[in-house]
file start_38.cif (mmCIF, C-alpha atoms)
data_run
loop_
_atom_site.label_atom_id
_atom_site.label_comp_id
_atom_site.auth_asym_id
_atom_site.auth_seq_id
_atom_site.Cartn_x
_atom_site.Cartn_y
_atom_site.Cartn_z
CA MET A 1 80.17 14.05 -89.84
CA ASP A 2 82.86 12.94 -87.44
CA ASN A 3 83.56 16.41 -86.24
CA LEU A 4 81.53 18.55 -83.87
CA LYS A 5 81.92 21.62 -86.04
CA ASP A 6 80.15 19.81 -88.89
CA CYS A 7 77.08 19.38 -86.79
CA ILE A 8 75.81 22.92 -86.58
CA ASP A 9 72.13 23.16 -87.44
CA ILE A 10 71.72 26.10 -89.76
CA ASN A 11 68.52 27.89 -88.82
CA SER A 12 69.68 31.48 -89.19
CA LEU A 13 72.08 33.59 -91.25
CA GLU A 14 74.53 33.74 -88.33
CA ASN A 15 74.64 29.95 -88.18
CA LEU A 16 75.20 29.84 -91.92
CA ASN A 17 78.19 32.16 -91.57
CA THR A 18 79.61 30.14 -88.69
CA HIS A 19 79.20 26.92 -90.63
CA LEU A 20 80.80 28.35 -93.76
CA SER A 21 83.76 29.85 -91.90
CA TYR A 22 84.55 26.43 -90.39
CA GLN A 23 84.87 24.82 -93.82
CA ASN A 24 88.16 24.49 -95.66
CA ASN A 25 87.42 26.76 -98.60
CA SER A 26 89.74 24.89 -100.97
CA GLU A 27 87.56 21.79 -100.64
CA ASN A 28 83.94 21.10 -101.45
CA SER A 29 81.52 21.10 -98.55
CA PHE A 30 78.07 19.73 -98.18
CA TYR A 31 75.27 20.66 -95.81
CA ILE A 32 71.87 19.07 -95.39
CA SER A 33 69.27 20.40 -92.98
CA LYS A 34 67.32 18.29 -90.53
CA ILE A 35 64.59 16.44 -92.41
CA PRO A 36 61.13 17.52 -91.25
CA ASP A 37 59.05 14.48 -90.22
CA LEU A 38 56.32 15.65 -92.55
CA CYS A 39 58.70 15.27 -95.50
CA LYS A 40 59.19 11.60 -94.66
CA GLU A 41 55.45 10.92 -94.44
CA LYS A 42 53.89 13.04 -97.17
CA LEU A 43 54.74 13.16 -100.87
CA CYS A 44 57.26 15.93 -101.45
CA ILE A 45 58.24 18.31 -104.22
CA LEU A 46 61.90 19.12 -104.73
CA GLY A 47 63.55 22.07 -106.43
CA ILE A 48 67.17 22.28 -107.62
CA ASP A 49 69.07 25.35 -108.74
CA GLU A 50 72.59 26.72 -108.83
CA ALA A 51 74.30 29.99 -108.00
CA GLY A 52 77.67 31.35 -109.05
CA ARG A 53 78.19 29.47 -112.28
CA GLY A 54 79.60 32.42 -114.23
CA PRO A 55 81.90 34.31 -111.83
CA VAL A 56 85.67 33.88 -111.98
CA LEU A 57 85.86 33.98 -108.16
CA GLY A 58 84.55 31.80 -105.38
CA PRO A 59 82.53 28.61 -105.17
CA MET A 60 79.64 27.47 -107.31
CA VAL A 61 76.78 26.40 -105.07
CA TYR A 62 74.08 23.87 -105.89
CA GLY A 63 70.99 24.07 -103.74
CA ILE A 64 68.02 21.81 -103.21
CA ALA A 65 64.83 22.62 -101.30
CA PHE A 66 61.88 20.36 -100.53
CA CYS A 67 58.55 20.37 -98.75
CA PRO A 68 55.34 18.32 -98.76
CA LEU A 69 53.23 19.01 -101.85
CA GLU A 70 50.19 19.90 -99.76
CA GLU A 71 52.18 22.43 -97.72
CA SER A 72 53.76 24.15 -100.70
CA GLU A 73 51.57 27.25 -100.26
CA ILE A 74 54.00 28.26 -97.51
CA LEU A 75 56.56 29.11 -100.19
CA LYS A 76 54.24 31.70 -101.66
CA THR A 77 53.73 33.33 -98.29
CA PHE A 78 57.54 33.65 -98.12
CA GLU A 79 57.39 35.40 -101.49
CA CYS A 80 59.88 33.00 -103.03
CA ALA A 81 60.84 34.25 -106.46
CA ASP A 82 63.80 34.06 -108.81
CA SER A 83 66.82 34.84 -106.65
CA LYS A 84 68.27 37.15 -109.26
CA ALA A 85 65.13 39.30 -109.25
CA LEU A 86 65.35 39.88 -105.49
CA THR A 87 67.53 42.27 -103.54
CA GLU A 88 70.19 40.87 -101.26
CA GLU A 89 68.20 41.86 -98.16
CA LYS A 90 65.09 40.19 -99.49
CA ARG A 91 67.01 37.00 -100.26
CA ASP A 92 68.55 36.92 -96.80
CA ASP A 93 65.11 37.51 -95.32
CA ILE A 94 63.47 34.66 -97.27
CA PHE A 95 66.42 32.38 -96.47
CA SER A 96 65.95 33.07 -92.75
CA LYS A 97 62.29 32.14 -93.05
CA LEU A 98 63.07 28.99 -95.04
CA CYS A 99 65.70 27.68 -92.69
CA SER A 100 63.67 28.41 -89.59
CA SER A 101 60.60 26.55 -90.93
CA THR A 102 62.17 23.32 -89.76
CA GLU A 103 58.79 21.54 -89.45
CA ILE A 104 57.92 21.91 -93.12
CA VAL A 105 60.83 22.86 -95.35
CA GLY A 106 64.13 21.04 -95.74
CA TRP A 107 67.11 22.04 -97.84
CA ALA A 108 70.69 21.17 -98.72
CA VAL A 109 73.62 22.88 -100.41
CA ASP A 110 76.69 21.57 -102.19
CA VAL A 111 79.47 24.16 -102.11
CA ILE A 112 81.87 23.42 -104.95
CA SER A 113 85.21 25.10 -104.30
CA PRO A 114 86.91 27.21 -106.97
CA ASN A 115 89.94 24.94 -106.64
CA TYR A 116 87.80 21.89 -107.36
CA ILE A 117 86.34 23.62 -110.43
CA SER A 118 89.81 24.58 -111.75
CA ASN A 119 91.23 21.11 -111.10
CA SER A 120 88.28 19.41 -112.81
CA MET A 121 88.38 21.59 -115.90
CA LEU A 122 92.19 21.43 -116.15
CA SER A 123 92.55 17.70 -115.49
CA ARG A 124 93.94 15.37 -118.16
CA THR A 125 90.48 14.00 -118.88
CA LYS A 126 88.78 17.41 -118.90
CA HIS A 127 85.78 17.31 -116.62
CA SER A 128 83.63 20.17 -117.87
CA LEU A 129 81.66 22.60 -115.74
CA ASN A 130 78.47 20.94 -116.97
CA ALA A 131 79.75 17.58 -115.78
CA VAL A 132 80.61 19.07 -112.39
CA SER A 133 77.11 20.57 -112.24
CA THR A 134 75.37 17.34 -113.14
CA ASP A 135 77.38 15.41 -110.55
CA SER A 136 76.35 17.91 -107.93
CA ALA A 137 72.63 17.84 -108.80
CA VAL A 138 72.60 14.04 -108.84
CA GLY A 139 74.49 13.95 -105.54
CA LEU A 140 71.95 16.27 -103.93
CA ILE A 141 68.98 14.16 -105.06
CA ARG A 142 70.68 11.00 -103.76
CA ALA A 143 71.52 12.61 -100.42
CA VAL A 144 67.96 13.80 -99.92
CA ALA A 145 66.53 10.41 -100.93
CA ASN A 146 68.93 8.63 -98.55
CA ALA A 147 67.89 10.95 -95.76
CA GLY A 148 64.37 9.52 -96.08
CA VAL A 149 62.50 12.24 -97.95
CA ASN A 150 59.43 10.90 -99.72
CA ILE A 151 60.22 12.33 -103.15
CA ASP A 152 57.39 12.65 -105.65
CA HIS A 153 58.29 15.37 -108.11
CA ILE A 154 61.63 17.05 -108.86
CA TYR A 155 61.83 20.44 -110.57
CA VAL A 156 65.16 21.48 -112.05
CA ASP A 157 66.39 24.59 -113.78
CA THR A 158 67.90 23.51 -117.07
CA LEU A 159 71.55 23.02 -117.72
CA GLY A 160 72.48 24.16 -121.18
CA SER A 161 69.95 24.88 -123.89
CA LYS A 162 68.28 21.48 -124.11
CA PRO A 163 65.96 20.81 -121.16
CA GLU A 164 64.65 17.60 -122.78
CA LYS A 165 68.10 16.07 -122.91
CA TYR A 166 68.80 16.83 -119.25
CA GLN A 167 65.34 15.64 -118.27
CA SER A 168 65.79 12.25 -119.94
CA PHE A 169 69.25 11.94 -118.38
CA LEU A 170 67.78 12.48 -114.91
CA LEU A 171 64.78 10.22 -115.56
CA ASN A 172 67.16 7.51 -116.58
CA LEU A 173 68.95 7.78 -113.24
CA PHE A 174 65.80 8.25 -111.16
CA PRO A 175 62.98 6.36 -112.89
CA ASN A 176 60.75 6.41 -109.79
CA TYR A 177 60.34 10.18 -109.59
CA LYS A 178 58.46 12.65 -111.72
CA ILE A 179 61.03 15.05 -113.13
CA THR A 180 60.47 18.42 -114.77
CA VAL A 181 63.40 20.26 -116.31
CA ALA A 182 62.54 23.72 -117.53
CA LYS A 183 64.12 26.95 -118.61
CA LYS A 184 63.73 29.69 -116.01
CA ALA A 185 62.34 27.14 -113.55
CA ASP A 186 63.52 29.42 -110.75
CA SER A 187 60.88 31.99 -111.61
CA THR A 188 58.18 29.48 -112.53
CA TYR A 189 58.24 27.05 -109.61
CA PRO A 190 58.42 28.47 -106.06
CA ILE A 191 60.25 25.34 -104.84
CA VAL A 192 63.02 26.01 -107.38
CA SER A 193 63.06 29.66 -106.27
CA ALA A 194 63.56 28.42 -102.72
CA ALA A 195 66.47 26.23 -103.86
CA SER A 196 67.92 29.11 -105.83
CA ILE A 197 67.72 31.38 -102.76
CA CYS A 198 69.48 28.77 -100.58
CA ALA A 199 72.22 28.46 -103.21
CA LYS A 200 72.62 32.19 -103.83
CA VAL A 201 72.63 33.15 -100.14
CA THR A 202 75.16 30.41 -99.39
CA ARG A 203 77.44 31.57 -102.18
CA ASP A 204 77.24 35.23 -101.14
CA HIS A 205 77.97 34.39 -97.53
CA ALA A 206 80.78 32.01 -98.47
CA LEU A 207 82.45 35.01 -100.13
CA GLN A 208 81.66 37.30 -97.18
CA VAL A 209 83.44 34.99 -94.74
CA TRP A 210 86.18 34.00 -97.21
CA LYS A 211 89.55 33.72 -95.51
CA PHE A 212 92.47 33.65 -97.90
CA GLN A 213 94.73 30.71 -97.08
CA GLU A 214 97.45 32.78 -98.71
CA GLY A 215 97.08 35.25 -95.85
CA ILE A 216 95.80 38.10 -98.02
CA GLU A 217 93.70 40.53 -95.95
CA LEU A 218 90.89 41.45 -98.29
CA THR A 219 87.13 41.34 -97.94
CA HIS A 220 84.42 40.64 -100.46
CA LYS A 221 84.02 44.39 -100.95
CA ASP A 222 87.58 44.52 -102.28
CA PHE A 223 87.37 41.66 -104.76
CA GLY A 224 83.82 42.31 -105.86
CA SER A 225 81.13 39.98 -107.15
CA GLY A 226 83.50 37.83 -109.15
CA TYR A 227 81.70 38.58 -112.40
CA PRO A 228 84.29 39.23 -115.09
CA GLY A 229 82.81 42.66 -115.81
CA ASP A 230 83.00 43.91 -112.20
CA PRO A 231 85.72 46.61 -111.99
CA ASN A 232 86.71 45.51 -108.45
CA THR A 233 87.13 41.94 -109.64
CA LYS A 234 89.24 43.09 -112.58
CA LYS A 235 91.42 45.20 -110.29
CA PHE A 236 91.77 42.31 -107.85
CA LEU A 237 92.90 39.90 -110.57
CA LYS A 238 95.51 42.34 -111.83
CA ASN A 239 96.82 43.45 -108.42
CA TYR A 240 96.91 40.06 -106.76
CA CYS A 241 98.43 38.08 -109.58
CA ASN A 242 101.57 36.35 -108.30
CA PRO A 243 104.09 36.03 -111.16
CA ILE A 244 104.90 32.42 -110.17
CA PHE A 245 101.76 30.89 -108.69
CA GLY A 246 99.19 32.97 -110.51
CA PHE A 247 96.34 33.72 -108.17
CA PRO A 248 95.16 32.87 -104.69
CA GLN A 249 92.86 29.87 -104.90
CA ILE A 250 89.66 31.87 -104.67
CA VAL A 251 90.16 32.30 -108.43
CA ARG A 252 88.94 29.81 -111.03
CA PHE A 253 92.07 29.39 -113.12
CA SER A 254 90.12 27.75 -115.92
CA TRP A 255 88.22 30.96 -116.75
CA SER A 256 89.51 32.88 -119.76
CA THR A 257 89.31 36.08 -117.68
CA ALA A 258 91.94 34.54 -115.40
CA THR A 259 94.16 33.05 -118.10
CA ASN A 260 94.19 36.37 -119.96
CA VAL A 261 95.56 38.13 -116.88
CA LEU A 262 98.10 35.33 -116.36
CA GLU A 263 99.41 35.76 -119.88
CA GLN A 264 100.04 39.44 -119.15
CA GLU A 265 101.25 39.36 -115.58
CA ALA A 266 102.79 35.97 -114.86
CA TYR A 267 105.75 33.94 -116.12
CA ASP A 268 105.12 31.43 -118.89
CA VAL A 269 104.75 27.84 -117.81
CA GLU A 270 105.43 24.88 -120.05
CA TRP A 271 103.94 21.61 -118.78
CA GLU A 272 105.79 18.33 -119.14
CA ASN A 273 104.61 15.79 -121.72
CA THR A 274 100.98 16.87 -121.90
CA GLU A 275 100.83 15.64 -125.46
CA GLU A 276 103.01 12.61 -125.38
CA ASP A 277 104.85 11.58 -128.50
CA HIS A 278 102.69 13.47 -130.96
CA LYS A 279 105.68 14.98 -132.64
CA ASP A 280 107.13 11.71 -133.88
CA SER A 281 105.22 11.58 -137.15
CA GLU A 282 107.77 13.83 -138.86
CA SER A 283 110.78 12.05 -137.45
CA PRO A 284 113.65 11.09 -139.79
CA ASN A 285 112.83 7.42 -139.24
CA ASN A 286 109.70 7.78 -141.32
CA VAL A 287 111.19 7.53 -144.77
CA SER A 288 109.11 8.76 -147.66
CA ILE A 289 108.46 6.11 -150.28
CA LYS A 290 109.62 8.46 -153.02
CA SER A 291 113.09 8.53 -151.58
CA PHE A 292 113.74 5.03 -152.87
CA PHE A 293 113.43 6.20 -156.47
CA LYS A 294 115.84 9.06 -156.16
CA MET A 295 119.09 8.50 -158.02
CA VAL A 296 121.34 10.04 -155.47
CA GLU A 297 124.04 8.44 -153.56
CA LYS A 298 123.13 8.87 -150.01
CA PRO A 299 125.95 8.52 -147.57
CA ALA A 300 124.75 5.65 -145.48
CA LYS A 301 125.92 7.12 -142.26
CA LYS A 302 124.18 5.42 -139.49
CA LYS A 303 123.92 7.48 -136.42
CA ARG A 304 124.88 5.50 -133.43
CA THR A 305 122.22 5.54 -130.84
CA GLN A 306 122.72 4.80 -127.23
CA HIS A 307 121.15 1.81 -125.61
CA GLN A 308 117.66 2.62 -124.42
CA PHE A 309 118.81 2.08 -120.86
CA PHE A 310 120.40 5.52 -121.05
CA SER A 311 117.30 7.29 -122.27
CA GLN A 312 115.18 5.53 -119.68
CA MET A 313 117.57 6.67 -117.00
CA CYS A 314 117.48 10.21 -118.43
CA LEU A 315 121.20 10.01 -119.13
CA SER A 316 122.77 11.77 -122.05
CA ARG A 317 126.32 12.54 -123.12
CA THR A 318 127.53 16.00 -122.35
CA THR A 319 130.86 15.62 -124.15
CA GLU A 320 131.83 13.75 -127.27
CA PHE A 321 134.32 10.95 -126.93
CA MET B 1 135.69 23.49 -120.24
CA ALA B 2 136.13 22.68 -116.62
CA ILE B 3 133.31 22.61 -114.12
CA HIS B 4 134.11 23.35 -110.51
CA ILE B 5 131.75 22.43 -107.75
CA GLN B 6 132.59 24.23 -104.58
CA SER B 7 131.26 24.10 -101.12
CA GLY B 8 129.33 27.25 -100.32
CA LYS B 9 130.10 29.27 -97.20
CA GLU B 10 127.04 28.02 -95.45
CA ILE B 11 125.26 24.88 -96.57
CA LYS B 12 121.74 24.74 -95.24
CA SER B 13 119.98 21.49 -94.65
CA SER B 14 116.55 21.60 -96.27
CA PRO B 15 113.57 20.47 -94.24
CA ASP B 16 111.82 17.29 -95.29
CA ASP B 17 109.20 19.00 -97.42
CA GLY B 18 111.58 21.66 -98.67
CA ILE B 19 112.24 20.57 -102.22
CA GLN B 20 109.42 20.36 -104.75
CA LEU B 21 110.19 18.82 -108.13
CA MET B 22 107.51 20.26 -110.41
CA PRO B 23 106.28 18.77 -113.71
CA PHE B 24 106.73 21.96 -115.72
CA LYS B 25 109.25 24.56 -116.78
CA ILE B 26 108.69 28.14 -115.81
CA ALA B 27 110.34 31.05 -117.54
CA ALA B 28 111.49 32.55 -114.26
CA ASP B 29 114.64 32.66 -112.17
CA CYS B 30 113.69 34.14 -108.83
CA GLU B 31 112.38 33.30 -105.41
CA ALA B 32 108.92 31.78 -105.13
CA GLU B 33 106.55 32.09 -102.19
CA VAL B 34 106.12 28.33 -101.86
CA SER B 35 105.00 28.46 -98.22
CA THR B 36 102.28 30.99 -99.00
CA TYR B 37 100.88 29.78 -102.29
CA PHE B 38 101.72 26.10 -102.51
CA LYS B 39 102.28 24.35 -99.19
CA PRO B 40 98.98 25.28 -97.51
CA TYR B 41 97.15 23.31 -100.19
CA ILE B 42 99.16 20.10 -100.01
CA LYS B 43 96.94 17.27 -98.82
CA VAL B 44 97.83 13.71 -97.96
CA ASN B 45 95.67 10.85 -99.13
CA ASP B 46 96.88 7.27 -98.66
CA SER B 47 100.50 7.19 -99.77
CA ASN B 48 100.17 10.07 -102.20
CA TYR B 49 99.93 13.81 -101.88
CA THR B 50 97.74 16.15 -103.87
CA SER B 51 98.04 19.82 -104.59
CA SER B 52 97.41 22.34 -107.28
CA PHE B 53 99.46 24.75 -109.36
CA ARG B 54 97.69 27.47 -111.34
CA GLY B 55 94.53 25.37 -111.16
CA TYR B 56 96.19 22.23 -112.52
CA PRO B 57 95.77 19.16 -110.30
CA LEU B 58 99.01 17.59 -109.08
CA VAL B 59 99.69 14.22 -107.49
CA GLY B 60 102.93 13.80 -105.59
CA LYS B 61 105.06 11.35 -103.73
CA LYS B 62 107.78 11.92 -101.19
CA LEU B 63 110.98 10.31 -102.43
CA SER B 64 113.95 9.55 -100.23
CA LEU B 65 117.43 9.41 -101.64
CA PRO B 66 119.13 6.02 -101.58
CA LYS B 67 121.38 5.22 -98.68
CA GLY B 68 124.76 6.83 -98.98
CA TYR B 69 123.53 9.62 -101.26
CA THR B 70 122.97 13.27 -100.46
CA GLY B 71 121.14 15.71 -102.66
CA VAL B 72 122.71 19.11 -103.20
CA ILE B 73 121.40 22.32 -104.69
CA LEU B 74 123.94 24.13 -106.82
CA ASN B 75 124.01 27.82 -107.55
CA GLU B 76 125.93 29.42 -110.38
CA ARG B 77 126.52 33.05 -109.53
CA VAL B 78 127.99 34.13 -112.83
CA ILE B 79 126.84 32.40 -115.96
CA PRO B 80 129.60 32.57 -118.58
CA ASP B 81 128.88 33.97 -122.03
CA THR B 82 130.70 31.28 -123.95
CA ASP B 83 130.75 27.54 -123.49
CA THR B 84 134.55 27.41 -123.36
CA GLU B 85 134.89 29.23 -120.07
CA GLU B 86 135.19 27.54 -116.75
CA ARG B 87 132.04 27.27 -114.73
CA ASN B 88 131.74 27.58 -110.98
CA PHE B 89 128.92 26.12 -108.96
CA TYR B 90 128.44 26.53 -105.25
CA ILE B 91 126.56 24.14 -103.00
CA THR B 92 123.87 26.06 -101.16
CA ASN B 93 121.59 23.36 -99.76
CA ARG B 94 121.63 19.70 -99.03
CA PHE B 95 118.65 17.37 -98.79
CA GLU B 96 117.81 13.73 -98.11
CA SER B 97 114.31 13.64 -99.60
CA PHE B 98 112.11 15.66 -101.92
CA MET B 99 108.57 15.87 -103.25
CA HIS B 100 108.08 14.56 -106.77
CA TRP B 101 104.95 16.00 -108.43
CA ASN B 102 103.11 14.74 -111.51
CA TYR B 103 100.41 16.56 -113.43
CA ASP B 104 97.20 14.64 -112.66
CA LYS B 105 98.96 11.25 -112.67
CA ILE B 106 99.83 9.06 -109.71
CA PRO B 107 103.61 8.71 -109.44
CA THR B 108 104.71 5.19 -110.45
CA MET B 109 107.87 3.36 -111.37
CA ASN B 110 107.26 4.50 -114.96
CA ASP B 111 108.36 7.98 -113.93
CA ALA B 112 111.95 8.57 -114.95
CA ILE B 113 112.97 10.07 -111.64
CA MET B 114 111.72 7.06 -109.73
CA GLN B 115 113.51 4.65 -112.07
CA VAL B 116 116.71 6.59 -111.66
CA LEU B 117 116.55 6.40 -107.89
CA ASP B 118 115.71 2.72 -107.98
CA VAL B 119 117.92 1.37 -110.75
CA TRP B 120 120.77 3.76 -111.39
CA VAL B 121 122.12 3.44 -107.89
CA ASP B 122 122.78 -0.28 -108.33
CA VAL B 123 124.31 0.22 -111.75
CA ALA B 124 126.52 3.02 -110.53
CA GLU B 125 127.74 0.88 -107.69
CA ALA B 126 128.59 -1.95 -110.06
CA LEU B 127 130.38 0.43 -112.41
CA HIS B 128 132.41 2.24 -109.84
CA SER B 129 133.28 -0.42 -107.33
CA PRO B 130 136.85 -1.67 -107.59
CA ILE B 131 137.36 -4.79 -109.65
CA GLN B 132 138.39 -7.64 -107.49
CA GLU B 133 140.90 -10.01 -108.91
CA THR B 134 140.35 -13.56 -107.99
#
call {"tool": "encode", "arguments": {"input": "start_38.cif", "output": "structure tokens"}}
result
Amino acid sequence: MDNLKDCIDINSLENLNTHLSYQNNSENSFYISKIPDLCKEKLCILGIDEAGRGPVLGPMVYGIAFCPLEESEILKTFECADSKALTEEKRDDIFSKLCSSTEIVGWAVDVISPNYISNSMLSRTKHSLNAVSTDSAVGLIRAVANAGVNIDHIYVDTLGSKPEKYQSFLLNLFPNYKITVAKKADSTYPIVSAASICAKVTRDHALQVWKFQEGIELTHKDFGSGYPGDPNTKKFLKNYCNPIFGFPQIVRFSWSTATNVLEQEAYDVEWENTEEDHKDSESPNNVSIKSFFKMVEKPAKKKRTQHQFFSQMCLSRTTEF
Amino acid sequence: MAIHIQSGKEIKSSPDDGIQLMPFKIAADCEAEVSTYFKPYIKVNDSNYTSSFRGYPLVGKKLSLPKGYTGVILNERVIPDTDTEERNFYITNRFESFMHWNYDKIPTMNDAIMQVLDVWVDVAEALHSPIQET
């Protein structure tokens, strides 16, 4: 937070847009609201949910929302419900209410850039999307705890099909909190709905203000929702595939939707030594034991090899002498 | 087979960050929009650089050529059909430094290119300097 532009307080949709357009969209960005004093004094409930896990375009956003347990009725008056079951207008409306209730409700979002997702999934020690998600959720809980929120109970939408496994993982990290991991938590617990709305609204607006660093003049209406089935998204991937570099970095290169288009539209790329020295098992130096029993006269022609200095220096003979 | 290296009509000097040595082969022989798709994403952290190509994380280092050396880019306009014909290369660019990129691995002295720059120069000097009779 060494920069003035990082210090905007988001208490309206306009502020959210301003904040998001200041961020470098190839990097992750993190925002945490002011912590209401009540949340430091009273026991609080926390909800965590994600938006934009599936799409091939744009960031994945993890959201957290919290409020004092005894004030949680306020969420119902906002009509917090599963963000996917609400219209865009309704979500924006609830978000405005949430972020302007600065005395009671606090929230934070972790915007994970598409470039970060691609780089993680395509790194040498493959860091899966689930691992990225877990890191983000854990980071959000830590940030909120460090900011002084009196955490009592955390509600999380499950990751993968085994809520129990995720729950015990989180309990292990945070033994002092009550933790509930559940399927469809976003429609069961209003505090998770609130988190899911913060995440979803942030993701949608991140795409609305997306500025291509490649200088492409397109808006979110042109590239669509980012879901692989969206015809606009499909058209975008095909039309804006660069034969050398692939796609602009709004695209998650690690999605099969993206790699399929690359195979069709872009030049083949062969990476250097990704699987080092795996091919040596069949080398002529590995002599089969049976060969010693063969009654053939093998011309014992020893191939002269160069000193390893030459191979280390990447030097090879181009002419025989 | 003779190889001729000829000075091009106009030899351009490449800017400091002009040459990118990438850790892959690409089945292409054409211009690439490096300034649009690659350079905007290059970030500096400590003594290394990071960037990304087709979603793959890259770590790079700026390497300077040893004193007394100049890098040149050669262009072969006509590629002969047989390997007995003479070949003609023209110098199009010169450079004093370049970016060396690794796929998700910090560049170290284990990288061949860095060994070459460090070691080969000394060996070459020893090999090619005139023998002094004492």
call {"tool": "resolve_selection", "arguments": {"input": "start_38.cif", "expression": "the PyMOL selection byres ((chain A and resi 195-203) around 7)", "output": "MDAnalysis selection string"}}
result
chainID A and resid 47:52 59:65 83 91:92 95 109 186 191:194 204:207
call {"tool": "residues_around", "arguments": {"input": "start_38.cif", "residues": "stretch 94-108 of chain B", "least_positions_apart": "3", "cutoff": "6 Å", "atoms": "all atoms listed in the file", "output": "MDAnalysis selection string"}}
result
chainID B and resid 13:14 19:23 57:65 70:72 111
call {"tool": "interface_residues", "arguments": {"input": "start_38.cif", "of": "chain B", "to": "chain A", "cutoff": "10 Å", "atoms": "all atoms listed in the file", "output": "MDAnalysis selection string"}}
result
chainID B and resid 22:41 51:58 102:105 110:117 119:120
call {"tool": "axis_aligned_box", "arguments": {"input": "start_38.cif", "around": "stretch 8-27 of chain B", "padding_each_side": "5 Å", "output": "lines of an AutoDock Vina configuration file"}}
result
center_x = 118.2
center_y = 24.2
center_z = -105.9
size_x = 33.8
size_y = 23.8
size_z = 33.3
call {"tool": "residues_around", "arguments": {"input": "start_38.cif", "residues": "A:Lys238", "least_positions_apart": "5", "cutoff": "9 Å", "atoms": "all atoms listed in the file", "output": "PyMOL selection string"}}
result
chain A and resi 233+261-262+265
call {"tool": "residues_around", "arguments": {"input": "start_38.cif", "residues": "A:Ala185", "least_positions_apart": "2", "cutoff": "8 Å", "atoms": "only C-alpha atoms", "output": "list in words"}}
result
Tyr155, Val156, Asp157, Thr158, Val181, Ala182, Lys183, Ser187, Thr188, Tyr189, Val192 and Ser193 of chain A
call {"tool": "resolve_selection", "arguments": {"input": "start_38.cif", "expression": "the PyMOL selection byres ((chain B and resi 79-92) around 8)", "output": "PDB file with C-alpha atoms, in the coordinates of the input"}}
result
ATOM      1  CA  MET B   1     135.690  23.490-120.240  1.00  0.00           C
ATOM      2  CA  ALA B   2     136.130  22.680-116.620  1.00  0.00           C
ATOM      3  CA  ILE B   3     133.310  22.610-114.120  1.00  0.00           C
ATOM      4  CA  HIS B   4     134.110  23.350-110.510  1.00  0.00           C
ATOM      5  CA  ILE B   5     131.750  22.430-107.750  1.00  0.00           C
ATOM      6  CA  GLN B   6     132.590  24.230-104.580  1.00  0.00           C
ATOM      7  CA  SER B   7     131.260  24.100-101.120  1.00  0.00           C
ATOM      8  CA  GLY B   8     129.330  27.250-100.320  1.00  0.00           C
ATOM      9  CA  GLU B  10     127.040  28.020 -95.450  1.00  0.00           C
ATOM     10  CA  ILE B  11     125.260  24.880 -96.570  1.00  0.00           C
ATOM     11  CA  LYS B  12     121.740  24.740 -95.240  1.00  0.00           C
ATOM     12  CA  VAL B  72     122.710  19.110-103.200  1.00  0.00           C
ATOM     13  CA  ILE B  73     121.400  22.320-104.690  1.00  0.00           C
ATOM     14  CA  LEU B  74     123.940  24.130-106.820  1.00  0.00           C
ATOM     15  CA  ASN B  75     124.010  27.820-107.550  1.00  0.00           C
ATOM     16  CA  GLU B  76     125.930  29.420-110.380  1.00  0.00           C
ATOM     17  CA  ARG B  77     126.520  33.050-109.530  1.00  0.00           C
ATOM     18  CA  VAL B  78     127.990  34.130-112.830  1.00  0.00           C
ATOM     19  CA  ASN B  93     121.590  23.360 -99.760  1.00  0.00           C
ATOM     20  CA  ARG B  94     121.630  19.700 -99.030  1.00  0.00           C
TER      21      ARG B  94
END
call {"tool": "resolve_selection", "arguments": {"input": "start_38.cif", "expression": "the PyMOL selection byres ((chain A and resi 147) around 12)", "output": "PyMOL selection string"}}
result
chain A and resi 32-37+39-40+106-108+140-146+148-151
call {"tool": "residues_around", "arguments": {"input": "start_38.cif", "residues": "A:Leu218", "least_positions_apart": "3", "cutoff": "12 Å", "atoms": "only C-alpha atoms", "output": "list in words"}}
result
Leu207, Gln208, Val209, Trp210, Lys211, Phe212, Gln213, Glu214, Gly215, Lys221, Asp222, Phe223, Gly224, Asn232, Thr233, Phe236, Asn239, Tyr240, Pro248 and Ile250 of chain A
call {"tool": "write_last_selection", "arguments": {"input": "start_38.cif", "atoms": "C-alpha atoms", "output": "PDB file, in the coordinates of the input"}}
result
ATOM      1  CA  LEU A 207      82.450  35.010-100.130  1.00  0.00           C
ATOM      2  CA  GLN A 208      81.660  37.300 -97.180  1.00  0.00           C
ATOM      3  CA  VAL A 209      83.440  34.990 -94.740  1.00  0.00           C
ATOM      4  CA  TRP A 210      86.180  34.000 -97.210  1.00  0.00           C
ATOM      5  CA  LYS A 211      89.550  33.720 -95.510  1.00  0.00           C
ATOM      6  CA  PHE A 212      92.470  33.650 -97.900  1.00  0.00           C
ATOM      7  CA  GLN A 213      94.730  30.710 -97.080  1.00  0.00           C
ATOM      8  CA  GLU A 214      97.450  32.780 -98.710  1.00  0.00           C
ATOM      9  CA  GLY A 215      97.080  35.250 -95.850  1.00  0.00           C
ATOM     10  CA  LYS A 221      84.020  44.390-100.950  1.00  0.00           C
ATOM     11  CA  ASP A 222      87.580  44.520-102.280  1.00  0.00           C
ATOM     12  CA  PHE A 223      87.370  41.660-104.760  1.00  0.00           C
ATOM     13  CA  GLY A 224      83.820  42.310-105.860  1.00  0.00           C
ATOM     14  CA  ASN A 232      86.710  45.510-108.450  1.00  0.00           C
ATOM     15  CA  THR A 233      87.130  41.940-109.640  1.00  0.00           C
ATOM     16  CA  PHE A 236      91.770  42.310-107.850  1.00  0.00           C
ATOM     17  CA  ASN A 239      96.820  43.450-108.420  1.00  0.00           C
ATOM     18  CA  TYR A 240      96.910  40.060-106.760  1.00  0.00           C
ATOM     19  CA  PRO A 248      95.160  32.870-104.690  1.00  0.00           C
ATOM     20  CA  ILE A 250      89.660  31.870-104.670  1.00  0.00           C
TER      21      ILE A 250
END
